[in-house]
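Source file work12.txt; content: compact mmCIF, C-alpha atoms (C1' of nucleotides).
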# COMPACT_ATOMS: atom_id res chain seq x y z
CA MET U 20 13.47 -31.43 24.97
CA THR U 21 11.20 -32.21 22.05
CA GLU U 22 13.43 -32.58 19.07
CA GLY U 23 10.43 -32.06 16.83
CA GLN U 24 10.38 -33.25 13.24
CA HIS U 25 13.20 -32.61 10.84
CA ALA U 26 13.00 -28.93 11.74
CA SER U 27 13.06 -27.73 8.15
CA ARG U 28 16.37 -26.92 6.52
CA PRO U 29 18.26 -23.81 7.54
CA GLY U 30 21.21 -25.03 5.48
CA GLY U 31 23.61 -23.35 3.12
CA ARG U 32 21.53 -22.47 0.08
CA THR U 33 18.54 -21.27 2.03
CA ALA U 34 20.73 -19.05 4.18
CA ARG U 35 22.49 -17.66 1.12
CA VAL U 36 19.18 -16.90 -0.55
CA ARG U 37 17.99 -15.09 2.53
CA ALA U 38 21.15 -13.03 2.75
CA ASP U 39 20.95 -12.09 -0.92
CA VAL U 40 17.31 -11.11 -0.65
CA LEU U 41 17.72 -9.01 2.48
CA ALA U 42 20.71 -7.25 0.97
CA ALA U 43 18.64 -6.50 -2.12
CA VAL U 44 15.81 -5.16 0.04
CA GLU U 45 18.16 -2.78 1.78
CA ALA U 46 19.66 -1.63 -1.50
CA GLU U 47 16.28 -1.06 -3.15
CA LEU U 48 15.15 0.77 -0.05
CA ALA U 49 18.16 3.07 -0.24
CA GLU U 50 17.60 3.82 -3.92
CA GLN U 51 13.85 4.10 -4.21
CA GLY U 52 12.46 4.38 -0.71
CA TYR U 53 9.63 2.36 0.77
CA ASP U 54 6.92 3.15 -1.76
CA GLY U 55 9.21 2.09 -4.59
CA LEU U 56 9.87 -1.26 -2.95
CA THR U 57 8.38 -4.16 -4.88
CA ILE U 58 8.67 -7.94 -4.86
CA ASP U 59 9.68 -8.05 -8.50
CA GLY U 60 12.33 -5.41 -7.95
CA VAL U 61 13.89 -7.33 -5.09
CA ALA U 62 13.71 -10.55 -7.09
CA ALA U 63 15.47 -8.97 -10.06
CA ARG U 64 18.23 -7.43 -7.98
CA SER U 65 18.84 -10.46 -5.78
CA GLY U 66 18.68 -13.00 -8.58
CA VAL U 67 16.19 -15.03 -6.56
CA HIS U 68 13.00 -16.07 -8.30
CA ARG U 69 9.72 -14.20 -7.71
CA THR U 70 7.96 -17.34 -6.61
CA THR U 71 10.48 -17.99 -3.87
CA LEU U 72 9.92 -14.52 -2.46
CA TYR U 73 6.16 -14.95 -2.49
CA ARG U 74 6.46 -18.32 -0.79
CA ARG U 75 8.85 -17.37 1.98
CA TRP U 76 8.00 -13.74 2.64
CA LYS U 77 4.53 -13.34 1.14
CA THR U 78 4.56 -9.52 0.99
CA VAL U 79 6.81 -6.48 0.93
CA PRO U 80 6.07 -5.79 4.60
CA GLY U 81 7.06 -9.39 5.26
CA LEU U 82 10.46 -8.70 3.76
CA LEU U 83 10.92 -5.69 5.99
CA VAL U 84 9.87 -7.61 9.07
CA ASP U 85 12.54 -10.18 8.34
CA LEU U 86 15.08 -7.42 7.77
CA LEU U 87 14.17 -5.91 11.12
CA GLU U 88 14.51 -9.21 12.93
CA ALA U 89 17.77 -10.02 11.17
CA GLY U 90 19.21 -6.74 12.33
CA ALA U 91 17.93 -7.01 15.89
CA ASP U 92 20.78 -7.31 18.35
CA ASP U 93 19.93 -9.94 20.93
CA ALA U 94 22.54 -8.61 23.31
CA TRP U 95 21.50 -4.97 23.14
CA GLU U 96 21.29 -3.02 26.35
CA PRO U 97 21.33 0.69 27.12
CA ALA U 98 24.65 2.38 27.77
CA ASP U 99 25.62 3.06 31.38
CA THR U 100 26.89 6.61 31.69
CA GLY U 101 26.52 6.94 35.42
CA SER U 102 23.57 9.32 35.52
CA LEU U 103 19.93 9.17 34.48
CA GLU U 104 20.31 12.21 32.25
CA GLY U 105 23.34 10.77 30.51
CA ASP U 106 21.63 7.43 29.99
CA LEU U 107 18.53 9.03 28.53
CA ILE U 108 20.63 11.18 26.22
CA ALA U 109 22.40 8.06 25.00
CA VAL U 110 19.07 6.35 24.33
CA ASN U 111 17.73 9.36 22.51
CA ARG U 112 20.81 9.53 20.33
CA GLU U 113 20.30 5.92 19.30
CA VAL U 114 16.68 6.61 18.41
CA HIS U 115 17.69 9.74 16.54
CA ALA U 116 20.35 7.86 14.60
CA ALA U 117 17.98 5.03 13.71
CA LEU U 118 15.39 7.45 12.35
CA THR U 119 17.75 9.68 10.39
CA ALA U 120 19.82 6.90 8.85
CA ARG U 121 19.59 6.51 5.11
CA PRO U 122 17.98 4.19 4.46
CA SER U 123 16.20 3.97 7.78
CA ILE U 124 15.05 0.42 8.33
CA THR U 125 12.95 1.64 11.23
CA GLN U 126 11.14 4.22 9.12
CA ALA U 127 10.47 1.58 6.47
CA VAL U 128 9.08 -0.90 8.96
CA ILE U 129 6.89 1.81 10.44
CA ALA U 130 5.49 2.46 6.99
CA ALA U 131 4.98 -1.26 6.48
CA SER U 132 3.20 -1.56 9.81
CA PHE U 133 0.31 0.42 8.37
CA ARG U 134 -0.20 -2.09 5.59
CA THR U 135 -0.26 -5.52 7.22
CA PRO U 136 -1.06 -6.68 10.74
CA GLU U 137 2.04 -8.91 10.68
CA ALA U 138 4.34 -5.94 10.28
CA ALA U 139 2.45 -4.03 12.96
CA GLU U 140 2.82 -6.91 15.39
CA ALA U 141 6.50 -7.39 14.61
CA LEU U 142 7.15 -3.73 15.26
CA THR U 143 5.16 -3.80 18.49
CA ARG U 144 7.13 -6.80 19.67
CA PHE U 145 10.41 -5.12 18.78
CA TRP U 146 9.54 -1.96 20.66
CA GLU U 147 8.15 -3.80 23.67
CA ASP U 148 11.44 -5.62 23.91
CA ARG U 149 13.45 -2.43 23.58
CA TYR U 150 11.38 -0.51 26.11
CA ALA U 151 11.63 -3.40 28.55
CA ARG U 152 15.41 -3.45 28.26
CA THR U 153 15.66 0.31 28.45
CA ALA U 154 13.75 0.29 31.72
CA LEU U 155 17.08 -0.80 33.18
CA VAL U 156 18.12 2.84 32.94
CA VAL U 157 15.33 3.79 35.29
CA ARG U 158 16.09 0.96 37.71
CA ARG U 159 19.73 2.00 37.89
CA ALA U 160 18.69 5.57 38.66
CA ALA U 161 16.35 4.32 41.38
CA GLU U 162 19.17 2.28 42.95
CA ARG U 163 21.32 5.38 43.01
CA GLY U 164 18.46 7.14 44.74
CA GLU U 165 18.19 9.68 41.97
CA LEU U 166 14.44 9.61 41.71
CA ALA U 167 11.21 9.14 43.59
CA PRO U 168 10.09 5.52 43.99
CA GLY U 169 7.00 4.38 42.15
CA LEU U 170 7.82 6.44 39.08
CA ASP U 171 6.46 4.82 35.94
CA ALA U 172 9.40 3.80 33.77
CA HIS U 173 7.37 3.53 30.58
CA GLN U 174 5.91 6.99 30.98
CA LEU U 175 9.35 8.45 31.59
CA LEU U 176 10.82 6.79 28.50
CA LEU U 177 7.82 7.94 26.50
CA THR U 178 8.45 11.53 27.55
CA ALA U 179 12.07 11.24 26.48
CA THR U 180 11.75 9.48 23.13
CA ALA U 181 8.24 10.23 21.83
CA PRO U 182 9.06 13.77 20.68
CA ILE U 183 11.78 12.43 18.38
CA TYR U 184 9.48 9.91 16.74
CA HIS U 185 6.70 12.45 16.43
CA GLN U 186 8.85 15.13 14.86
CA LEU U 187 10.80 12.90 12.46
CA VAL U 188 8.21 10.28 11.55
CA LEU U 189 4.81 11.93 11.76
CA LEU U 190 5.48 15.65 11.43
CA ARG U 191 8.22 14.85 8.92
CA GLN U 192 10.31 17.79 9.95
CA PRO U 193 13.98 17.89 10.87
CA MET U 194 15.27 17.54 14.40
CA SER U 195 18.90 18.07 15.31
CA ARG U 196 20.75 15.85 17.73
CA PRO U 197 21.06 18.65 20.30
CA GLU U 198 17.28 18.98 20.22
CA ALA U 199 16.95 15.26 20.81
CA ASP U 200 19.35 15.62 23.73
CA GLU U 201 17.24 18.42 25.09
CA HIS U 202 14.15 16.23 25.25
CA ALA U 203 16.16 13.67 27.21
CA ARG U 204 17.19 16.36 29.71
CA THR U 205 13.59 17.46 30.01
CA ALA U 206 12.50 13.92 30.85
CA ALA U 207 15.29 13.55 33.38
CA LEU U 208 14.24 16.80 35.01
CA ILE U 209 10.76 15.51 35.69
CA ALA U 210 12.02 12.27 37.14
CA LEU U 211 14.26 14.10 39.56
CA ARG U 212 11.50 16.43 40.76
CA PRO U 213 8.38 14.55 41.78
CA MET E 14 -9.81 40.73 -7.51
CA THR E 15 -9.02 38.57 -10.49
CA GLU E 16 -12.23 36.85 -11.41
CA GLY E 17 -10.23 34.29 -13.34
CA GLN E 18 -11.72 32.16 -16.06
CA HIS E 19 -14.87 30.14 -15.65
CA ALA E 20 -13.40 28.70 -12.45
CA SER E 21 -14.59 25.15 -13.13
CA ARG E 22 -17.97 24.08 -11.87
CA PRO E 23 -18.51 23.58 -8.18
CA GLY E 24 -22.21 23.23 -8.88
CA GLY E 25 -24.91 20.95 -7.64
CA ARG E 26 -24.09 17.59 -9.09
CA THR E 27 -20.37 17.83 -8.46
CA ALA E 28 -20.96 18.78 -4.85
CA ARG E 29 -23.44 15.96 -4.41
CA VAL E 30 -21.01 13.46 -5.88
CA ARG E 31 -18.29 14.64 -3.54
CA ALA E 32 -20.57 14.38 -0.51
CA ASP E 33 -21.66 10.87 -1.50
CA VAL E 34 -18.11 9.74 -2.06
CA LEU E 35 -16.73 11.14 1.19
CA ALA E 36 -19.60 9.61 3.13
CA ALA E 37 -18.84 6.27 1.51
CA VAL E 38 -15.16 6.62 2.39
CA GLU E 39 -16.01 7.18 6.02
CA ALA E 40 -18.41 4.26 6.09
CA GLU E 41 -15.96 1.88 4.44
CA LEU E 42 -13.29 3.07 6.82
CA ALA E 43 -15.51 2.29 9.79
CA GLU E 44 -16.35 -1.18 8.51
CA GLN E 45 -13.08 -2.41 7.07
CA GLY E 46 -10.35 -0.11 8.31
CA TYR E 47 -7.71 1.57 6.24
CA ASP E 48 -6.15 -1.47 4.61
CA GLY E 49 -9.55 -2.62 3.41
CA LEU E 50 -10.23 0.70 1.77
CA THR E 51 -10.36 0.46 -2.02
CA ILE E 52 -11.45 2.67 -4.90
CA ASP E 53 -13.84 0.05 -6.20
CA GLY E 54 -15.40 -0.40 -2.78
CA VAL E 55 -16.02 3.30 -2.41
CA ALA E 56 -17.40 3.46 -5.95
CA ALA E 57 -19.80 0.61 -5.33
CA ARG E 58 -21.06 2.02 -2.06
CA SER E 59 -21.39 5.61 -3.23
CA GLY E 60 -22.94 4.76 -6.59
CA VAL E 61 -20.36 6.94 -8.31
CA HIS E 62 -18.46 5.42 -11.18
CA ARG E 63 -14.91 4.12 -10.74
CA THR E 64 -13.60 6.36 -13.48
CA THR E 65 -14.87 9.47 -11.75
CA LEU E 66 -13.04 8.54 -8.57
CA TYR E 67 -9.80 7.91 -10.43
CA ARG E 68 -10.16 11.22 -12.25
CA ARG E 69 -10.94 13.45 -9.30
CA TRP E 70 -9.11 11.75 -6.44
CA LYS E 71 -6.55 9.54 -8.19
CA THR E 72 -5.78 7.29 -5.21
CA VAL E 73 -7.13 6.03 -1.90
CA PRO E 74 -4.83 8.41 0.00
CA GLY E 75 -6.25 11.18 -2.18
CA LEU E 76 -9.72 10.36 -0.92
CA LEU E 77 -8.55 10.55 2.67
CA VAL E 78 -6.79 13.85 2.08
CA ASP E 79 -10.03 15.30 0.79
CA LEU E 80 -11.88 13.87 3.77
CA LEU E 81 -9.37 15.48 6.12
CA GLU E 82 -9.66 18.86 4.43
CA ALA E 83 -13.44 18.66 4.31
CA GLY E 84 -13.51 18.08 8.05
CA ALA E 85 -10.97 20.77 8.90
CA ASP E 86 -12.49 23.51 11.00
CA ASP E 87 -11.26 26.87 9.73
CA ALA E 88 -12.27 28.60 12.94
CA TRP E 89 -10.60 26.17 15.32
CA GLU E 90 -8.64 27.55 18.23
CA PRO E 91 -7.52 26.05 21.53
CA ALA E 92 -9.81 26.36 24.55
CA ASP E 93 -9.01 29.03 27.11
CA THR E 94 -9.19 27.54 30.60
CA GLY E 95 -7.24 30.23 32.40
CA SER E 96 -4.06 28.27 33.08
CA LEU E 97 -1.33 26.71 30.99
CA GLU E 98 -1.91 23.32 32.56
CA GLY E 99 -5.62 23.45 31.87
CA ASP E 100 -5.06 24.55 28.29
CA LEU E 101 -2.59 21.77 27.60
CA ILE E 102 -4.92 19.20 29.13
CA ALA E 103 -7.69 20.42 26.85
CA VAL E 104 -5.41 20.11 23.81
CA ASN E 105 -4.30 16.64 24.81
CA ARG E 106 -7.89 15.53 25.23
CA GLU E 107 -8.67 16.66 21.71
CA VAL E 108 -5.70 14.76 20.35
CA HIS E 109 -6.64 11.73 22.40
CA ALA E 110 -10.23 11.86 21.14
CA ALA E 111 -9.14 12.23 17.52
CA LEU E 112 -6.87 9.20 17.74
CA THR E 113 -9.27 6.91 19.60
CA ALA E 114 -12.37 7.76 17.55
CA ARG E 115 -13.78 4.94 15.47
CA PRO E 116 -13.17 5.38 12.69
CA SER E 117 -10.28 7.73 13.28
CA ILE E 118 -9.82 9.92 10.23
CA THR E 119 -6.52 11.07 11.66
CA GLN E 120 -5.19 7.53 12.00
CA ALA E 121 -6.29 6.77 8.45
CA VAL E 122 -4.60 9.85 7.02
CA ILE E 123 -1.44 8.99 8.94
CA ALA E 124 -1.49 5.57 7.33
CA ALA E 125 -2.09 7.17 3.95
CA SER E 126 0.80 9.57 4.48
CA PHE E 127 3.20 6.65 4.20
CA ARG E 128 1.92 5.77 0.75
CA THR E 129 1.87 8.98 -1.25
CA PRO E 130 3.78 12.25 -0.91
CA GLU E 131 0.53 14.15 -1.42
CA ALA E 132 -1.00 12.68 1.71
CA ALA E 133 2.20 13.30 3.64
CA GLU E 134 2.22 16.94 2.60
CA ALA E 135 -1.45 17.39 3.38
CA LEU E 136 -0.93 15.99 6.84
CA THR E 137 2.14 18.12 7.43
CA ARG E 138 0.20 21.22 6.37
CA PHE E 139 -2.68 20.28 8.67
CA TRP E 140 -0.42 19.79 11.67
CA GLU E 141 1.64 22.90 10.98
CA ASP E 142 -1.57 24.87 11.02
CA ARG E 143 -2.75 23.24 14.23
CA TYR E 144 0.56 23.69 16.01
CA ALA E 145 0.71 27.34 14.93
CA ARG E 146 -2.77 27.96 16.33
CA THR E 147 -2.05 26.04 19.50
CA ALA E 148 0.98 28.21 20.16
CA LEU E 149 -1.60 30.74 21.35
CA VAL E 150 -1.79 28.71 24.56
CA VAL E 151 1.88 29.39 25.21
CA ARG E 152 1.56 33.10 24.37
CA ARG E 153 -1.33 33.45 26.79
CA ALA E 154 0.72 31.80 29.53
CA ALA E 155 3.62 34.12 28.79
CA GLU E 156 1.33 37.15 29.06
CA ARG E 157 0.16 35.91 32.44
CA GLY E 158 3.80 35.63 33.41
CA GLU E 159 3.44 31.93 34.06
CA LEU E 160 6.62 30.91 32.32
CA ALA E 161 10.14 31.92 31.52
CA PRO E 162 10.54 34.05 28.37
CA GLY E 163 12.26 32.55 25.37
CA LEU E 164 10.67 29.16 25.91
CA ASP E 165 10.19 27.31 22.63
CA ALA E 166 6.46 26.84 22.07
CA HIS E 167 6.87 24.02 19.59
CA GLN E 168 9.10 22.03 21.90
CA LEU E 169 6.63 22.45 24.75
CA LEU E 170 3.70 21.30 22.65
CA LEU E 171 5.76 18.39 21.42
CA THR E 172 6.46 17.30 24.98
CA ALA E 173 2.76 17.43 25.76
CA THR E 174 1.25 15.74 22.71
CA ALA E 175 3.97 13.50 21.27
CA PRO E 176 3.57 10.74 23.90
CA ILE E 177 -0.07 10.31 22.91
CA TYR E 178 0.71 9.94 19.23
CA HIS E 179 3.60 7.61 19.94
CA GLN E 180 1.65 5.33 22.24
CA LEU E 181 -1.55 5.14 20.20
CA VAL E 182 -0.23 5.33 16.66
CA LEU E 183 3.22 3.78 16.64
CA LEU E 184 3.33 1.54 19.71
CA ARG E 185 -0.31 0.61 19.07
CA GLN E 186 -1.07 0.26 22.73
CA PRO E 187 -3.90 1.76 24.73
CA MET E 188 -3.66 5.04 26.59
CA SER E 189 -6.34 6.27 28.93
CA ARG E 190 -7.48 9.86 29.03
CA PRO E 191 -6.04 10.36 32.53
CA GLU E 192 -2.67 9.26 31.19
CA ALA E 193 -2.98 11.78 28.39
CA ASP E 194 -3.81 14.42 30.99
CA GLU E 195 -0.74 13.42 32.95
CA HIS E 196 1.55 14.10 29.99
CA ALA E 197 0.00 17.56 29.70
CA ARG E 198 0.74 18.22 33.37
CA THR E 199 4.30 17.03 32.89
CA ALA E 200 4.80 19.45 30.02
CA ALA E 201 3.30 22.30 32.03
CA LEU E 202 5.66 21.49 34.90
CA ILE E 203 8.71 21.97 32.73
CA ALA E 204 7.45 25.25 31.36
CA LEU E 205 6.92 26.63 34.83
CA ARG E 206 10.38 25.61 36.04
CA PRO E 207 13.11 26.89 33.76
C1' DT B 11 -35.50 28.73 -23.33
C1' DC B 12 -31.38 27.28 -25.76
C1' DC B 13 -26.36 26.61 -26.04
C1' DT B 14 -21.82 25.53 -24.47
C1' DT B 15 -18.94 22.56 -22.08
C1' DA B 16 -17.35 20.66 -17.64
C1' DA B 17 -18.33 16.62 -15.22
C1' DT B 18 -19.84 12.07 -15.11
C1' DG B 19 -21.07 7.32 -16.93
C1' DC B 20 -19.67 3.37 -19.63
C1' DG B 21 -17.04 -0.35 -21.71
C1' DA B 22 -12.74 -2.20 -22.87
C1' DC B 23 -7.96 -2.53 -22.74
C1' DG B 24 -3.01 -3.31 -20.93
C1' DG B 25 -0.16 -4.19 -17.17
C1' DA B 26 1.18 -5.40 -12.60
C1' DC B 27 0.39 -8.61 -8.96
C1' DG B 28 -0.11 -12.89 -6.69
C1' DT B 29 -1.00 -17.97 -7.34
C1' DT B 30 -0.50 -22.72 -8.97
C1' DG B 31 1.44 -27.07 -10.95
C1' DC B 32 5.42 -29.20 -12.06
C1' DG B 33 10.27 -29.95 -12.87
C1' DT B 34 15.01 -29.26 -10.81
C1' DT B 35 18.53 -28.60 -7.30
C1' DA B 36 20.97 -29.47 -3.22
C1' DA B 37 20.90 -30.12 2.09
C1' DG B 38 21.07 -33.60 5.40
C1' DA B 39 20.60 -38.39 6.72
C1' DT B 40 21.88 -43.26 5.99
C1' DA G 26 28.19 -42.87 -2.36
C1' DT G 27 23.22 -43.02 -2.39
C1' DC G 28 18.64 -41.63 -1.15
C1' DT G 29 15.00 -38.66 0.50
C1' DT G 30 12.80 -34.48 0.45
C1' DA G 31 12.76 -29.55 1.53
C1' DA G 32 13.72 -25.51 -1.02
C1' DC G 33 14.09 -23.31 -5.25
C1' DG G 34 13.41 -22.27 -10.42
C1' DC G 35 10.22 -21.87 -14.16
C1' DA G 36 6.18 -20.92 -17.00
C1' DA G 37 1.54 -20.01 -17.33
C1' DC G 38 -2.73 -18.52 -15.53
C1' DG G 39 -6.51 -15.54 -13.32
C1' DT G 40 -7.47 -11.38 -10.94
C1' DC G 41 -7.25 -6.72 -9.63
C1' DC G 42 -5.92 -2.08 -10.60
C1' DG G 43 -5.53 2.04 -13.19
C1' DT G 44 -6.17 4.22 -17.87
C1' DC G 45 -8.29 5.59 -22.26
C1' DG G 46 -11.79 6.84 -25.93
C1' DC G 47 -16.27 7.96 -26.47
C1' DA G 48 -21.19 8.78 -25.22
C1' DT G 49 -24.28 11.10 -21.95
C1' DT G 50 -25.78 14.34 -18.45
C1' DA G 51 -26.51 18.63 -16.35
C1' DA G 52 -24.48 23.24 -14.54
C1' DG G 53 -24.16 27.99 -15.72
C1' DG G 54 -24.42 31.65 -19.05
C1' DA G 55 -26.66 34.04 -23.14

structure tokens encoding of this file:
Amino acid sequence: MTEGQHASRPGGRTARVRADVLAAVEAELAEQGYDGLTIDGVAARSGVHRTTLYRRWKTVPGLLVDLLEAGADDAWEPADTGSLEGDLIAVNREVHAALTARPSITQAVIAASFRTPEAAEALTRFWEDRYARTALVVRRAAERGELAPGLDAHQLLLTATAPIYHQLVLLRQPMSRPEADEHARTAALIALRP
Amino acid sequence: MTEGQHASRPGGRTARVRADVLAAVEAELAEQGYDGLTIDGVAARSGVHRTTLYRRWKTVPGLLVDLLEAGADDAWEPADTGSLEGDLIAVNREVHAALTARPSITQAVIAASFRTPEAAEALTRFWEDRYARTALVVRRAAERGELAPGLDAHQLLLTATAPIYHQLVLLRQPMSRPEADEHARTAALIALRP
DNA sequence: TCCTTAATGCGACGGACGTTGCGTTAAGAT
DNA sequence: ATCTTAACGCAACGTCCGTCGCATTAAGGA
């Protein structure tokens, strides 16, 4: 393997600075929301100098991208409940929880994605990864013979989860967890009847 | 009716200024996209002074809100194709067209809605109005006896249109018109089978 | 036509934002 | 323990953004 050059310095101070900054971002986000999030505010709260933030993270969206990636669970995979409907409900509940959390990192990154291409790409990557992993739910159902072969996994997941995003993020209106469940059942229904 | 006081002055010059400004907004949007949209840029292109823009529209999102409302068709109603499936396909094609247009006013206003509460409220009002009008499609289907009574119109419309918004706006990936049609058919399928 | 007064144009100001040059600290290697 | 050098702290600078006071224009009524 190519050892590369000194590979920068992920050592103690740098890591501590990053932790302090990301904690401050989350705190500011909780108190003031996305539009109140500012580099100077994060610098003041974290005790890290402005210049350092500008150098390492460049922008506010950059901070949120790092927060998203720091919170990403590399081992995540969808729950196995034994049925397609149950699996989809579990997925929808996770989406619902992520979007109604306060503060919602996901909502903040979505907002950021409309301001810089970097944030948009980071979010796209994150979702591509999640959708790819979640496709396992569909494969399991296919192995159990629950659904017609050739069914498009992405389209099915879109039918299940898109209504939650649309209602909570774009329409900005409430959606209860039972309603989120209902959309999962609807999606499962289609998959079972080709 | 209450004639009210002088009711400001919607006269010639003011109207001309507004038309010039909104045209400039659309042009700038087409050339540079939302993140490149700036008050000074619009002022320079329209020939209207900066101060006037700040006074009448306050912010960039404010400009887009006005553009959205100027383009809103007060007489809009969903096409009547004779079947629920056909009606939903027609709706989905309109949504698809609005989101893939270049420049897409809708996409720009969505972006703006994450920056100021005013834009968010304007967008919510716009969609509430559209969803309320589109519910006519469901009522017509009910009158024809096509679907089970008590079906929630909003949930049905959400199932049909949400995947398009999610794919094109949040996931930022392409969606063909046939795919948009397919989501309409899926939604119709659920409505017909309770 | 003249008068009143919104609406717009104009210049300048203050503040927030992002950048730059340089000194200081500490991580990691010897 | 010592050295090298990323990473960070610090202060100052230039730019962009939004606001304010005042002059000018023109819409709508008398």

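Neighbouring residues of stretch 176-181 of chain E at 8 Å or closer, counting only C-alpha atoms (C1' of nucleotides) and skipping chain neighbours under 2 positions away, are Leu177, Thr178, Ala181, Pro182, Tyr184 and His185 of chain U; Asn105, Val108, His109, Leu112, Thr113, Thr172, Ala173, Thr174, Leu183, Leu184, Arg185, Gln186, Pro187, Met188, Ala193 and His196 of chain E.
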
Hey, what's within 12 Å of U:Ala167 if we count only C-alpha atoms (C1' of nucleotides) and toss same-chain stuff fewer than 6 positions away? As a PDB file with C-alpha atoms, in the frame of the given file, please?
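Output file part04.pdb follows:
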ATOM      1  CA  VAL U 157      15.330   3.790  35.290  1.00  0.00           C
ATOM      2  CA  ARG U 158      16.090   0.960  37.710  1.00  0.00           C
ATOM      3  CA  ALA U 160      18.690   5.570  38.660  1.00  0.00           C
ATOM      4  CA  ALA U 161      16.350   4.320  41.380  1.00  0.00           C
ATOM      5  CA  ALA U 207      15.290  13.550  33.380  1.00  0.00           C
ATOM      6  CA  LEU U 208      14.240  16.800  35.010  1.00  0.00           C
ATOM      7  CA  ILE U 209      10.760  15.510  35.690  1.00  0.00           C
ATOM      8  CA  ALA U 210      12.020  12.270  37.140  1.00  0.00           C
ATOM      9  CA  LEU U 211      14.260  14.100  39.560  1.00  0.00           C
ATOM     10  CA  ARG U 212      11.500  16.430  40.760  1.00  0.00           C
ATOM     11  CA  PRO U 213       8.380  14.550  41.780  1.00  0.00           C
TER      12      PRO U 213
END

Non-local contacts of G:DG46 (12 Å; only C-alpha atoms (C1' of nucleotides); under 5 positions in same chain excluded) as JSON, numbers by chain | {"B": [20, 21, 22, 23]}

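In this model, the gap between atom CA of U:Glu45 and atom CA of U:Ile124 comes to 7.9 Å.
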
Residue contacts of E:Val30 (9 Å, only C-alpha atoms (C1' of nucleotides)) excluding same-chain residues fewer than 5 positions away, as a list in words = Gly25, Leu35, Ser59, Gly60 and Val61 of chain E

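With all atoms listed in the file taken into account, chain G has DA31, DA32, DC33 and DG34 of chain G at most 8 Å from chain U.
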
Protein and nucleic acid residues near (-6.2, 9.3, -4.2) (cut-off 12 Å, all atoms listed in the file) as number ranges by chain = E: 35, 38, 50-52, 55, 65-80, 122, 125-126, 128-132; G: 43

Among the residues E:Leu164, E:Ala88, E:Ala28, E:Ala114, the one that comes closest to chain B [using all atoms listed in the file] | E:Ala28

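Take atom CA of U:Gly101 and atom CA of U:Ala116: the distance between them is 21.7 Å.
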
List every protein, DNA or RNA residue that has an atom no more than 12 Å from (-9.1, 23.6, 29.7) in the file's coordinate frame, counting only C-alpha atoms (C1' of nucleotides), and report them as number ranges by chain.
-> E: 91-107, 150, 194, 197-198

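Counting only C-alpha atoms, the residue from U:Val188, U:Glu165, U:Thr205, U:Ala62 that sits nearest to E:Ile123 is U:Val188.
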
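Going from atom CA of E:Glu41 to atom CA of E:Gly54 covers 7.6 Å.
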
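Using only C-alpha atoms (C1' of nucleotides), the shortest contact distance between chain E and any of B:DC12, B:DA17, B:DC32, B:DA39 is found at B:DA17.
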
Polymer residues at most 10 Å from U:Gly52, all atoms listed in the file, same-chain spacing of 5 or more positions, as a ChimeraX atom specification = /U:45-47,121-123,126-127

Chain E contacts on chain B, all atoms listed in the file, 7 Å, as number ranges by chain | B: 16, 18-19

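With only C-alpha atoms as the atoms that count, the minimum distance from chain U to the choices E:Asp48, E:Glu195, E:Asp165, E:Glu82 is reached by E:Asp48.
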
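Using all atoms listed in the file, the shortest contact distance between chain U and any of E:Asp87, E:Leu136, E:Leu81, E:Val34 is found at E:Leu136.
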
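Using all atoms listed in the file for every distance, the candidate list U:Leu175, U:Ala38, U:Ala89, U:Ala154 yields U:Leu175 as the residue closest to chain E.
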
Take stretch 43-51 of chain E, model N, CA and C atoms, and hand the result over as a short mmCIF file (atom, residue, chain, number, x, y, z; two decimals), in the frame of the given file.
data_model
loop_
_atom_site.label_atom_id
_atom_site.label_comp_id
_atom_site.auth_asym_id
_atom_site.auth_seq_id
_atom_site.Cartn_x
_atom_site.Cartn_y
_atom_site.Cartn_z
N ALA E 43 -14.98 2.78 8.52
CA ALA E 43 -15.51 2.29 9.79
C ALA E 43 -15.67 0.77 9.75
N GLU E 44 -16.07 0.25 8.60
CA GLU E 44 -16.35 -1.18 8.51
C GLU E 44 -15.10 -2.02 8.32
N GLN E 45 -14.19 -1.55 7.47
CA GLN E 45 -13.08 -2.41 7.07
C GLN E 45 -11.71 -1.89 7.48
N GLY E 46 -11.66 -0.66 7.96
CA GLY E 46 -10.35 -0.11 8.31
C GLY E 46 -9.60 0.37 7.09
N TYR E 47 -8.44 0.94 7.33
CA TYR E 47 -7.71 1.57 6.24
C TYR E 47 -7.25 0.58 5.17
N ASP E 48 -6.70 -0.54 5.59
CA ASP E 48 -6.15 -1.47 4.61
C ASP E 48 -7.23 -2.14 3.77
N GLY E 49 -8.47 -2.08 4.21
CA GLY E 49 -9.55 -2.62 3.41
C GLY E 49 -10.20 -1.60 2.51
N LEU E 50 -9.67 -0.39 2.55
CA LEU E 50 -10.23 0.70 1.77
C LEU E 50 -9.76 0.62 0.32
N THR E 51 -10.71 0.58 -0.62
CA THR E 51 -10.36 0.46 -2.02
C THR E 51 -11.24 1.36 -2.88
#
